[in-house]
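Here is the structure we will look at, set down as structure tokens.
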Amino acid sequence: MNSHSESHVTPTLLIADDDRFALETLEALLSKGGYNLISARDGQEALDRAMDSKPDLCVLDIDMPRMNGMEVCRRIKNNPETKFLPVIMVTGLAPENEKVNALEAGCDDFLSKPVQYIELKTRIKSLLRIKSLTDELVDVEVVLFTLARTIEAKDHFTLGHADRVGRFSVALGKALGFGPDKIELLRKGGILHDIGKLGVPDTILQKVGKFNPDEWEIMKKHPVIGCEICQRLKAFKGILPMIRHHHERLDGTGYPDGLKGTQIPDMARIVAVVDIFDALTSRRSYKEAFPIAKAFKTLYDEADQGWWDKDYIKVWEELVKKDKIASHKYY
Ligand SMILES: [Fe+2]
């Protein structure tokens, strides 16, 4: 990830144009703005620089050799590492349909040659402002993911659990045909589902053996505490249902709200299935890791009791068998 603290000081712009004169003109205009400049003379070079130099913004010509600007933009926007990097496309032709294509490729803004300095400067400024806000948001995510992992670090029996639940939730969501927005929420929600354990004392988290009733009551607060941690972050609104409801059961005997059946959001039901699966197939202080077959038998028995979504378990079982994956060897 780019260090946005650096970008606050002097933003780095990547400018790509195969026309030497156009490139030098842009360089001359933008160096007045006090930016660090990186230049590229074709599309492939632009893509390489976007990946390795981590600029704060790209200005791409459309017609370039080796790879056109449209394709460079598409690849930047499809890569999770660079998808928030703002891209301005510049073209000499500017027919309307080219503009539409550029926007479809995910570009953030579009300018026609000859580029007017004031216009370019204004657009760069506003896109950089958005970029720095996005960077801060990404930093918040990183902090929360790190916190989620520190919970595991306290108890070596659960090491890797949050990441696995994130990956398993994504895999199950994809198999169920969920779209990319929900898949992204499942990834975050899966990783952060137990973030509320930050509010549970270590003596309980690290206890070897079963909880007494008082300890159990405290442990059961973690979904609500998790919501309190994440609810002030607007960008995390979509994952709150997974954090709050991953311990609900279809028959209403779960916690914290005793929701029943489809009252439980589908994404929370997904996280519940893979969370239990991972717990069953992992070694814990009070039990050995179950073999896959025994884990599914337990899941189906509990589904028959009315706890979990049997359809989701079936799809998950197919996925596990098809890929011949055991939870710990999943990746
Ligand atoms: Fe939990």
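Following the order of the structure tokens, chains are lettered A, B, ..., residues in each are numbered from 1, and ligands are numbered from 1.
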
With ligand 1 as the partner and 9 Å as the cut-off, tabulate the residues of chain A that qualify, each row holding the nearest pair of atoms and their distance in Å to one decimal, using only C-alpha atoms and all ligand atoms, sorted by chain and rising number, as CSV.
residue,atom,partner,partner_atom_place_in_ligand_line,distance
A:His193,CA,ligand 1,1 (Fe),6.2
A:Asp194,CA,ligand 1,1 (Fe),4.7
A:Ile195,CA,ligand 1,1 (Fe),8.3
A:Gly196,CA,ligand 1,1 (Fe),8.2
A:Lys197,CA,ligand 1,1 (Fe),7.9
A:Met219,CA,ligand 1,1 (Fe),8.8
A:Lys220,CA,ligand 1,1 (Fe),8.2
A:His222,CA,ligand 1,1 (Fe),6.8
A:Pro223,CA,ligand 1,1 (Fe),6.5
A:Ile243,CA,ligand 1,1 (Fe),7.8
A:Arg244,CA,ligand 1,1 (Fe),8.9
A:His245,CA,ligand 1,1 (Fe),8.9
A:His246,CA,ligand 1,1 (Fe),6.5
A:His247,CA,ligand 1,1 (Fe),6.4
A:Ala272,CA,ligand 1,1 (Fe),8.4
A:Asp275,CA,ligand 1,1 (Fe),7.8

For atom CA of Leu103 of chain A and atom CA of Met70 of chain A, the interatomic separation in Å (one decimal)
9.2 Å

Would you give me, as a count of residues only, the residues in segment 99-253 of chain A that DSSP reads as alpha helix (DSSP H)?
97

Close residues, Phe236 of chain A itself excluded, 12 Å, only C-alpha atoms, min 4 positions apart in chain, as an MDAnalysis selection string
chainID A and resid 137:138 140:141 144 184:189 192:193 226:232 240:243

Run DSSP on the backbone and tell me which residues of segment 9-169 of chain A come out as strand (DSSP E or B); list them as a ChimeraX atom specification.
/A:12-16,36-40,57-61,87-91,109-112

Go ahead and dump the residues you just picked, C-alpha atoms, as a compact mmCIF listing (two decimals), in the first residue's frame.
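Output saved as part_22.txt:
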# COMPACT_ATOMS: atom_id res chain seq x y z
CA THR A 12 3.47 11.48 -7.17
CA LEU A 13 1.86 11.55 -10.59
CA LEU A 14 2.42 9.01 -13.33
CA ILE A 15 2.06 10.47 -16.83
CA ALA A 16 2.08 8.26 -19.88
CA ASN A 36 6.76 14.32 -8.17
CA LEU A 37 6.54 13.06 -11.72
CA ILE A 38 7.12 9.62 -13.18
CA SER A 39 6.78 9.28 -16.93
CA ALA A 40 6.13 6.33 -19.23
CA LEU A 57 -2.62 9.44 -9.66
CA CYS A 58 -2.17 8.51 -13.35
CA VAL A 59 -2.66 10.61 -16.44
CA LEU A 60 -2.85 8.21 -19.40
CA ASP A 61 -2.92 8.85 -23.11
CA VAL A 87 -6.87 7.57 -13.52
CA ILE A 88 -7.36 10.51 -15.88
CA MET A 89 -7.51 9.58 -19.58
CA VAL A 90 -6.32 11.99 -22.23
CA THR A 91 -7.12 11.65 -25.92
CA ASP A 109 -11.94 11.54 -15.46
CA PHE A 110 -11.44 12.29 -19.12
CA LEU A 111 -9.70 15.20 -20.88
CA SER A 112 -9.27 16.13 -24.54

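When only C-alpha atoms are used to compute distances to Ile118 of chain A, the closest of the residues A:Lys32, A:Lys154, A:Arg75, A:Arg41 turns out to be A:Lys32.
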